[in-house]
Amino acid sequence: MPKILAFSGSIRRDSWNRKLIRVAVDATRAAGGDVTLIDLADYPLPLYNGDLEERDGLPDNAQRLKALFKEHDALLIASPEYNSSMPPLLKNTLDWVSREWQGESGLVPYQNKVAAILAATPGTFGGMRMLPHLRQVLNTLGVLVLPGQFSLAHADTAFDPENGALKSPARLHALVVDLVRTTTALARAADQP
Ligand SMILES: Cc1cc2nc3c(=O)[nH]c(=O)nc-3n(C[C@H](O)[C@H](O)[C@H](O)COP(=O)(O)O)c2cc1C
């Protein structure tokens with residue numbers, strides 16, 4: 001069972017991306033993934049500053065996140081779009097996790113990882129303009145980002161108010177099935193002599 005680390009790039013209480021990641025996690029578990037859902041609110045980090053890093057080293061929460069990334073085979077990320085790009089919370093988190101620490105390359109938490117990227121916004125773009133930015137950053141870090149992606153426009157009306165389910169889940173389900181299958185196939189290939 002592939003181990004998948006899931007989180008939202010928004011920690012806003014009523015965040016659409018928090019709702020989306022919960023739905024995506026359920027679908028990924030149903031597809032056979034072993035998912036750990038974390039909330040970035042539990043891992044507060046200062047805004048990256050090289051002086052701070054030089055003085056204090058890597059913050060404890062960045063170390064905890066690094067360990068979590070390394071324990072998992074894949075990432076499942078849902079993020080808002082801020083001014084056509086990713087929000088500072090998400091970029092700051094990815095940046096801290098990418099820092100070299102105790103002689104270990106900052107790429108280690110990302111290497112050989114697969115990712116599925118999702119976005120939700122109440123507007124008509126659905127985060128479409130943010131996703132290529134997130135893809136580029138993850139690719140730079142060595143992550144294989146699935147060619148498929150999921151953007152949810154009009155997120156404010158996309159969920160069933162009764163049970164929180166997505167009204168049109170088919171594209172999301174196809175993406176998470178691809179995530180589980182691709183991660184499983186790569187893990188098998190890595191085990192071959
Ligand atoms: C600084 C800022 C910039 C934003 N820029 C965009 C944008 O470029 N495109 C968009 O669709 N929504 C944009 N929004 C609106 C967000 O999509 C909306 O606030 C959304 O609910 C945030 O995601 P969340 O519900 O998961 O917190 C922006 C919001 C903020 C705070």
# chains A, B, ... in the order shown; residues from 1 in each chain; ligands from 1
>>> select_by_dssp(residues="stretch 50-119 of chain A", states="alpha helix (DSSP H)", output="PyMOL selection string")
chain A and resi 50-56+60-71+88-97
>>> write_last_selection(atoms="N, CA, C and O atoms", output="mmCIF file, in the first residue's frame")
data_model
loop_
_atom_site.group_PDB
_atom_site.id
_atom_site.type_symbol
_atom_site.label_atom_id
_atom_site.label_comp_id
_atom_site.auth_asym_id
_atom_site.auth_seq_id
_atom_site.Cartn_x
_atom_site.Cartn_y
_atom_site.Cartn_z
ATOM 1 N N GLY A 50 17.446 33.419 5.717
ATOM 2 C CA GLY A 50 18.737 32.745 5.829
ATOM 3 C C GLY A 50 19.482 33.092 7.108
ATOM 4 O O GLY A 50 20.215 32.252 7.652
ATOM 5 N N ASP A 51 19.281 34.311 7.607
ATOM 6 C CA ASP A 51 19.965 34.698 8.854
ATOM 7 C C ASP A 51 19.453 33.880 10.030
ATOM 8 O O ASP A 51 20.206 33.417 10.887
ATOM 9 N N LEU A 52 18.127 33.708 10.029
ATOM 10 C CA LEU A 52 17.486 32.911 11.089
ATOM 11 C C LEU A 52 17.985 31.462 11.042
ATOM 12 O O LEU A 52 18.333 30.849 12.066
ATOM 13 N N GLU A 53 18.070 30.940 9.833
ATOM 14 C CA GLU A 53 18.531 29.556 9.646
ATOM 15 C C GLU A 53 19.973 29.406 10.118
ATOM 16 O O GLU A 53 20.317 28.434 10.795
ATOM 17 N N GLU A 54 20.797 30.406 9.783
ATOM 18 C CA GLU A 54 22.203 30.337 10.175
ATOM 19 C C GLU A 54 22.344 30.398 11.698
ATOM 20 O O GLU A 54 23.149 29.703 12.298
ATOM 21 N N ARG A 55 21.486 31.221 12.309
ATOM 22 C CA ARG A 55 21.573 31.399 13.765
ATOM 23 C C ARG A 55 21.009 30.196 14.521
ATOM 24 O O ARG A 55 21.614 29.678 15.447
ATOM 25 N N ASP A 56 19.817 29.725 14.115
ATOM 26 C CA ASP A 56 19.088 28.730 14.914
ATOM 27 C C ASP A 56 19.012 27.347 14.278
ATOM 28 O O ASP A 56 18.459 26.422 14.870
ATOM 29 N N ASP A 60 12.209 23.192 14.504
ATOM 30 C CA ASP A 60 11.722 21.846 14.852
ATOM 31 C C ASP A 60 10.628 21.382 13.901
ATOM 32 O O ASP A 60 10.586 20.219 13.490
ATOM 33 N N ASN A 61 9.708 22.298 13.570
ATOM 34 C CA ASN A 61 8.595 21.879 12.708
ATOM 35 C C ASN A 61 9.058 21.539 11.291
ATOM 36 O O ASN A 61 8.471 20.668 10.645
ATOM 37 N N ALA A 62 10.095 22.209 10.829
ATOM 38 C CA ALA A 62 10.642 21.849 9.516
ATOM 39 C C ALA A 62 11.284 20.467 9.595
ATOM 40 O O ALA A 62 11.174 19.660 8.664
ATOM 41 N N GLN A 63 11.929 20.171 10.724
ATOM 42 C CA GLN A 63 12.519 18.833 10.890
ATOM 43 C C GLN A 63 11.428 17.763 10.937
ATOM 44 O O GLN A 63 11.558 16.685 10.355
ATOM 45 N N ARG A 64 10.325 18.098 11.641
ATOM 46 C CA ARG A 64 9.222 17.122 11.720
ATOM 47 C C ARG A 64 8.628 16.893 10.336
ATOM 48 O O ARG A 64 8.321 15.762 9.952
ATOM 49 N N LEU A 65 8.462 17.982 9.585
ATOM 50 C CA LEU A 65 7.903 17.841 8.234
ATOM 51 C C LEU A 65 8.851 17.058 7.331
ATOM 52 O O LEU A 65 8.413 16.202 6.547
ATOM 53 N N LYS A 66 10.127 17.337 7.432
ATOM 54 C CA LYS A 66 11.111 16.582 6.639
ATOM 55 C C LYS A 66 10.961 15.082 6.911
ATOM 56 O O LYS A 66 10.927 14.267 5.979
ATOM 57 N N ALA A 67 10.862 14.744 8.194
ATOM 58 C CA ALA A 67 10.740 13.327 8.558
ATOM 59 C C ALA A 67 9.466 12.738 7.959
ATOM 60 O O ALA A 67 9.476 11.629 7.405
ATOM 61 N N LEU A 68 8.375 13.488 8.037
ATOM 62 C CA LEU A 68 7.111 13.003 7.470
ATOM 63 C C LEU A 68 7.224 12.788 5.960
ATOM 64 O O LEU A 68 6.779 11.768 5.427
ATOM 65 N N PHE A 69 7.799 13.764 5.274
ATOM 66 C CA PHE A 69 7.956 13.631 3.816
ATOM 67 C C PHE A 69 8.742 12.349 3.510
ATOM 68 O O PHE A 69 8.393 11.592 2.612
ATOM 69 N N LYS A 70 9.809 12.122 4.272
ATOM 70 C CA LYS A 70 10.676 10.977 3.974
ATOM 71 C C LYS A 70 9.981 9.641 4.245
ATOM 72 O O LYS A 70 10.289 8.642 3.612
ATOM 73 N N GLU A 71 9.029 9.665 5.189
ATOM 74 C CA GLU A 71 8.311 8.419 5.526
ATOM 75 C C GLU A 71 7.261 8.050 4.486
ATOM 76 O O GLU A 71 6.654 6.988 4.583
ATOM 77 N N PRO A 88 1.802 31.906 0.169
ATOM 78 C CA PRO A 88 3.084 31.885 0.883
ATOM 79 C C PRO A 88 3.206 30.731 1.867
ATOM 80 O O PRO A 88 4.293 30.196 2.056
ATOM 81 N N LEU A 89 2.111 30.329 2.489
ATOM 82 C CA LEU A 89 2.178 29.203 3.449
ATOM 83 C C LEU A 89 2.750 27.962 2.765
ATOM 84 O O LEU A 89 3.637 27.287 3.311
ATOM 85 N N LEU A 90 2.238 27.672 1.575
ATOM 86 C CA LEU A 90 2.667 26.452 0.884
ATOM 87 C C LEU A 90 4.112 26.589 0.408
ATOM 88 O O LEU A 90 4.937 25.687 0.621
ATOM 89 N N LYS A 91 4.438 27.731 -0.193
ATOM 90 C CA LYS A 91 5.807 27.906 -0.709
ATOM 91 C C LYS A 91 6.816 27.893 0.442
ATOM 92 O O LYS A 91 7.886 27.278 0.343
ATOM 93 N N ASN A 92 6.463 28.558 1.539
ATOM 94 C CA ASN A 92 7.360 28.616 2.696
ATOM 95 C C ASN A 92 7.592 27.217 3.270
ATOM 96 O O ASN A 92 8.709 26.858 3.635
ATOM 97 N N THR A 93 6.530 26.426 3.321
ATOM 98 C CA THR A 93 6.654 25.056 3.832
ATOM 99 C C THR A 93 7.569 24.235 2.924
ATOM 100 O O THR A 93 8.503 23.566 3.397
ATOM 101 N N LEU A 94 7.320 24.304 1.616
ATOM 102 C CA LEU A 94 8.149 23.533 0.673
ATOM 103 C C LEU A 94 9.599 24.013 0.737
ATOM 104 O O LEU A 94 10.534 23.209 0.653
ATOM 105 N N ASP A 95 9.793 25.320 0.914
ATOM 106 C CA ASP A 95 11.155 25.854 0.972
ATOM 107 C C ASP A 95 11.902 25.357 2.220
ATOM 108 O O ASP A 95 13.040 24.898 2.128
ATOM 109 N N TRP A 96 11.257 25.439 3.382
ATOM 110 C CA TRP A 96 11.939 24.982 4.605
ATOM 111 C C TRP A 96 12.284 23.493 4.490
ATOM 112 O O TRP A 96 13.389 23.074 4.860
ATOM 113 N N VAL A 97 11.360 22.703 3.967
ATOM 114 C CA VAL A 97 11.615 21.254 3.864
ATOM 115 C C VAL A 97 12.761 20.972 2.890
ATOM 116 O O VAL A 97 13.440 19.951 2.989
#
>>> closest_atom_pairs(of="chain A", to="ligand 1", cutoff="6 Å", atoms="only C-alpha atoms and all ligand atoms", output="Markdown table")
| residue | atom | partner | partner_atom_place_in_ligand_line | distance |
| --- | --- | --- | --- | --- |
| A:Ser10 | CA | ligand 1 | 27 (O) | 4.9 |
| A:Arg12 | CA | ligand 1 | 27 (O) | 5.1 |
| A:Ser15 | CA | ligand 1 | 25 (O) | 3.5 |
| A:Trp16 | CA | ligand 1 | 25 (O) | 3.9 |
| A:Asn17 | CA | ligand 1 | 26 (O) | 3.9 |
| A:Pro80 | CA | ligand 1 | 23 (O) | 4.3 |
| A:Glu81 | CA | ligand 1 | 7 (C) | 4.8 |
| A:Tyr82 | CA | ligand 1 | 5 (N) | 3.4 |
| A:Asn83 | CA | ligand 1 | 8 (O) | 3.3 |
| A:Ser84 | CA | ligand 1 | 8 (O) | 4.0 |
| A:Thr121 | CA | ligand 1 | 17 (O) | 4.0 |
| A:Pro122 | CA | ligand 1 | 17 (O) | 5.7 |
| A:Gly123 | CA | ligand 1 | 11 (O) | 4.7 |
| A:Phe125 | CA | ligand 1 | 11 (O) | 5.3 |
| A:Gly126 | CA | ligand 1 | 11 (O) | 5.7 |
| A:Gly127 | CA | ligand 1 | 11 (O) | 5.5 |
>>> residues_around(residues="stretch 32-45 of chain A", least_positions_apart="4", cutoff="6 Å", atoms="only C-alpha atoms", output="ChimeraX atom specification")
/A:1-7,11,28,61,180
>>> atom_distance(atom1="atom CA of A:Val145", atom2="atom CA of A:Val176")
12.2 Å
>>> atom_distance(atom1="atom CA of A:Asn112", atom2="atom CA of A:Ala187")
9.0 Å
>>> residues_around(residues="stretch 169-172 of chain A", least_positions_apart="2", cutoff="9 Å", atoms="only C-alpha atoms", output="PyMOL selection string")
chain A and resi 23-24+27+118+149-151+165-167+174-177
>>> write_last_selection(atoms="C-alpha atoms", output="mmCIF file, in the first residue's frame")
data_model
loop_
_atom_site.group_PDB
_atom_site.id
_atom_site.type_symbol
_atom_site.label_atom_id
_atom_site.label_comp_id
_atom_site.auth_asym_id
_atom_site.auth_seq_id
_atom_site.Cartn_x
_atom_site.Cartn_y
_atom_site.Cartn_z
ATOM 1 C CA VAL A 23 -12.685 14.471 0.067
ATOM 2 C CA ALA A 24 -9.514 13.590 -1.852
ATOM 3 C CA ALA A 27 -11.147 8.826 -2.325
ATOM 4 C CA LEU A 118 -5.307 19.906 -6.627
ATOM 5 C CA GLN A 149 -4.372 17.592 -12.078
ATOM 6 C CA PHE A 150 -7.641 18.723 -10.509
ATOM 7 C CA SER A 151 -8.939 22.253 -10.255
ATOM 8 C CA ALA A 165 -19.155 15.318 -0.730
ATOM 9 C CA LEU A 166 -18.162 16.749 -4.087
ATOM 10 C CA LYS A 167 -21.119 17.037 -6.423
ATOM 11 C CA ALA A 174 -9.543 9.271 -11.618
ATOM 12 C CA LEU A 175 -6.580 11.366 -10.449
ATOM 13 C CA VAL A 176 -6.217 9.676 -7.062
ATOM 14 C CA VAL A 177 -6.529 6.231 -8.651
#
>>> atom_distance(atom1="atom CA of A:Gly57", atom2="atom CA of A:Trp101")
8.1 Å
>>> residues_around(residues="A:Arg188", least_positions_apart="4", cutoff="12 Å", atoms="only C-alpha atoms", output="ChimeraX atom specification")
/A:1-2,73,181-184,192-193
>>> select_by_dssp(residues="stretch 82-119 of chain A", states="strand (DSSP E)", output="VMD selection string")
chain A and resid 114 to 119
>>> decode(residues="stretch 14-46 of chain A", atoms="N, CA, C and O atoms", output="JSON list (two decimals), in the first residue's frame")
[["chain", "number", "residue", "atom", "x", "y", "z"],
["A", 14, "ASP", "N", -12.51, 27.75, 7.37],
["A", 14, "ASP", "CA", -13.53, 27.27, 6.43],
["A", 14, "ASP", "C", -12.98, 27.11, 5.01],
["A", 14, "ASP", "O", -13.73, 27.23, 4.03],
["A", 15, "SER", "N", -11.71, 26.84, 4.93],
["A", 15, "SER", "CA", -11.03, 26.74, 3.63],
["A", 15, "SER", "C", -11.68, 25.71, 2.71],
["A", 15, "SER", "O", -11.95, 24.57, 3.09],
["A", 16, "TRP", "N", -11.84, 26.11, 1.44],
["A", 16, "TRP", "CA", -12.34, 25.16, 0.42],
["A", 16, "TRP", "C", -11.31, 24.09, 0.16],
["A", 16, "TRP", "O", -11.65, 22.93, -0.14],
["A", 17, "ASN", "N", -10.05, 24.45, 0.26],
["A", 17, "ASN", "CA", -9.00, 23.45, 0.01],
["A", 17, "ASN", "C", -8.90, 22.42, 1.13],
["A", 17, "ASN", "O", -8.55, 21.26, 0.89],
["A", 18, "ARG", "N", -9.22, 22.87, 2.34],
["A", 18, "ARG", "CA", -9.29, 21.89, 3.44],
["A", 18, "ARG", "C", -10.41, 20.90, 3.18],
["A", 18, "ARG", "O", -10.28, 19.70, 3.42],
["A", 19, "LYS", "N", -11.54, 21.42, 2.69],
["A", 19, "LYS", "CA", -12.67, 20.52, 2.38],
["A", 19, "LYS", "C", -12.27, 19.58, 1.23],
["A", 19, "LYS", "O", -12.52, 18.37, 1.28],
["A", 20, "LEU", "N", -11.61, 20.16, 0.22],
["A", 20, "LEU", "CA", -11.22, 19.34, -0.94],
["A", 20, "LEU", "C", -10.22, 18.26, -0.55],
["A", 20, "LEU", "O", -10.35, 17.10, -1.00],
["A", 21, "ILE", "N", -9.26, 18.60, 0.31],
["A", 21, "ILE", "CA", -8.25, 17.58, 0.64],
["A", 21, "ILE", "C", -8.91, 16.44, 1.43],
["A", 21, "ILE", "O", -8.56, 15.27, 1.25],
["A", 22, "ARG", "N", -9.91, 16.77, 2.27],
["A", 22, "ARG", "CA", -10.60, 15.70, 3.01],
["A", 22, "ARG", "C", -11.31, 14.75, 2.05],
["A", 22, "ARG", "O", -11.24, 13.52, 2.20],
["A", 23, "VAL", "N", -12.00, 15.31, 1.06],
["A", 23, "VAL", "CA", -12.68, 14.47, 0.07],
["A", 23, "VAL", "C", -11.66, 13.64, -0.71],
["A", 23, "VAL", "O", -11.85, 12.44, -0.96],
["A", 24, "ALA", "N", -10.54, 14.28, -1.08],
["A", 24, "ALA", "CA", -9.51, 13.59, -1.85],
["A", 24, "ALA", "C", -8.88, 12.46, -1.03],
["A", 24, "ALA", "O", -8.57, 11.39, -1.56],
["A", 25, "VAL", "N", -8.71, 12.70, 0.26],
["A", 25, "VAL", "CA", -8.12, 11.67, 1.13],
["A", 25, "VAL", "C", -9.06, 10.45, 1.20],
["A", 25, "VAL", "O", -8.62, 9.31, 1.07],
["A", 26, "ASP", "N", -10.35, 10.70, 1.37],
["A", 26, "ASP", "CA", -11.30, 9.58, 1.40],
["A", 26, "ASP", "C", -11.23, 8.78, 0.10],
["A", 26, "ASP", "O", -11.22, 7.54, 0.11],
["A", 27, "ALA", "N", -11.18, 9.50, -1.02],
["A", 27, "ALA", "CA", -11.15, 8.83, -2.33],
["A", 27, "ALA", "C", -9.84, 8.05, -2.49],
["A", 27, "ALA", "O", -9.82, 6.94, -3.06],
["A", 28, "THR", "N", -8.75, 8.61, -1.99],
["A", 28, "THR", "CA", -7.44, 7.94, -2.12],
["A", 28, "THR", "C", -7.40, 6.67, -1.26],
["A", 28, "THR", "O", -6.87, 5.64, -1.68],
["A", 29, "ARG", "N", -8.00, 6.77, -0.07],
["A", 29, "ARG", "CA", -8.05, 5.56, 0.78],
["A", 29, "ARG", "C", -8.90, 4.49, 0.10],
["A", 29, "ARG", "O", -8.53, 3.31, 0.07],
["A", 30, "ALA", "N", -10.02, 4.92, -0.50],
["A", 30, "ALA", "CA", -10.89, 3.95, -1.19],
["A", 30, "ALA", "C", -10.15, 3.32, -2.37],
["A", 30, "ALA", "O", -10.43, 2.18, -2.74],
["A", 31, "ALA", "N", -9.19, 4.06, -2.94],
["A", 31, "ALA", "CA", -8.43, 3.54, -4.09],
["A", 31, "ALA", "C", -7.25, 2.67, -3.64],
["A", 31, "ALA", "O", -6.49, 2.18, -4.48],
["A", 32, "GLY", "N", -7.05, 2.54, -2.32],
["A", 32, "GLY", "CA", -6.00, 1.65, -1.83],
["A", 32, "GLY", "C", -4.77, 2.36, -1.27],
["A", 32, "GLY", "O", -3.76, 1.72, -0.99],
["A", 33, "GLY", "N", -4.84, 3.67, -1.10],
["A", 33, "GLY", "CA", -3.70, 4.39, -0.54],
["A", 33, "GLY", "C", -3.74, 4.43, 0.98],
["A", 33, "GLY", "O", -4.81, 4.47, 1.58],
["A", 34, "ASP", "N", -2.55, 4.42, 1.58],
["A", 34, "ASP", "CA", -2.42, 4.53, 3.03],
["A", 34, "ASP", "C", -2.08, 6.01, 3.30],
["A", 34, "ASP", "O", -0.93, 6.42, 3.14],
["A", 35, "VAL", "N", -3.10, 6.79, 3.65],
["A", 35, "VAL", "CA", -2.93, 8.26, 3.67],
["A", 35, "VAL", "C", -2.76, 8.81, 5.08],
["A", 35, "VAL", "O", -3.50, 8.45, 5.99],
["A", 36, "THR", "N", -1.79, 9.70, 5.22],
["A", 36, "THR", "CA", -1.65, 10.50, 6.44],
["A", 36, "THR", "C", -2.06, 11.93, 6.08],
["A", 36, "THR", "O", -1.42, 12.56, 5.23],
["A", 37, "LEU", "N", -3.13, 12.40, 6.70],
["A", 37, "LEU", "CA", -3.57, 13.78, 6.45],
["A", 37, "LEU", "C", -3.02, 14.66, 7.57],
["A", 37, "LEU", "O", -3.30, 14.42, 8.75],
["A", 38, "ILE", "N", -2.24, 15.66, 7.20],
["A", 38, "ILE", "CA", -1.74, 16.59, 8.21],
["A", 38, "ILE", "C", -2.31, 17.98, 7.94],
["A", 38, "ILE", "O", -2.76, 18.28, 6.83],
["A", 39, "ASP", "N", -2.29, 18.80, 8.99],
["A", 39, "ASP", "CA", -2.76, 20.18, 8.89],
["A", 39, "ASP", "C", -1.53, 21.08, 9.12],
["A", 39, "ASP", "O", -0.90, 20.99, 10.19],
["A", 40, "LEU", "N", -1.22, 21.91, 8.16],
["A", 40, "LEU", "CA", -0.03, 22.76, 8.30],
["A", 40, "LEU", "C", -0.14, 23.71, 9.49],
["A", 40, "LEU", "O", 0.87, 24.24, 9.96],
["A", 41, "ALA", "N", -1.36, 23.92, 10.00],
["A", 41, "ALA", "CA", -1.52, 24.74, 11.21],
["A", 41, "ALA", "C", -0.80, 24.10, 12.40],
["A", 41, "ALA", "O", -0.44, 24.79, 13.36],
["A", 42, "ASP", "N", -0.59, 22.79, 12.34],
["A", 42, "ASP", "CA", 0.11, 22.10, 13.42],
["A", 42, "ASP", "C", 1.63, 22.19, 13.28],
["A", 42, "ASP", "O", 2.37, 21.65, 14.11],
["A", 43, "TYR", "N", 2.08, 22.80, 12.18],
["A", 43, "TYR", "CA", 3.53, 22.91, 11.91],
["A", 43, "TYR", "C", 3.89, 24.35, 11.57],
["A", 43, "TYR", "O", 4.44, 24.63, 10.50],
["A", 44, "PRO", "N", 3.58, 25.29, 12.47],
["A", 44, "PRO", "CA", 3.88, 26.69, 12.14],
["A", 44, "PRO", "C", 5.38, 26.90, 11.95],
["A", 44, "PRO", "O", 6.20, 26.33, 12.68],
["A", 45, "LEU", "N", 5.71, 27.71, 10.95],
["A", 45, "LEU", "CA", 7.11, 27.99, 10.62],
["A", 45, "LEU", "C", 7.29, 29.49, 10.41],
["A", 45, "LEU", "O", 6.39, 30.14, 9.88],
["A", 46, "PRO", "N", 8.45, 30.02, 10.79],
["A", 46, "PRO", "CA", 8.70, 31.43, 10.45],
["A", 46, "PRO", "C", 8.86, 31.56, 8.95],
["A", 46, "PRO", "O", 9.19, 30.59, 8.26]]
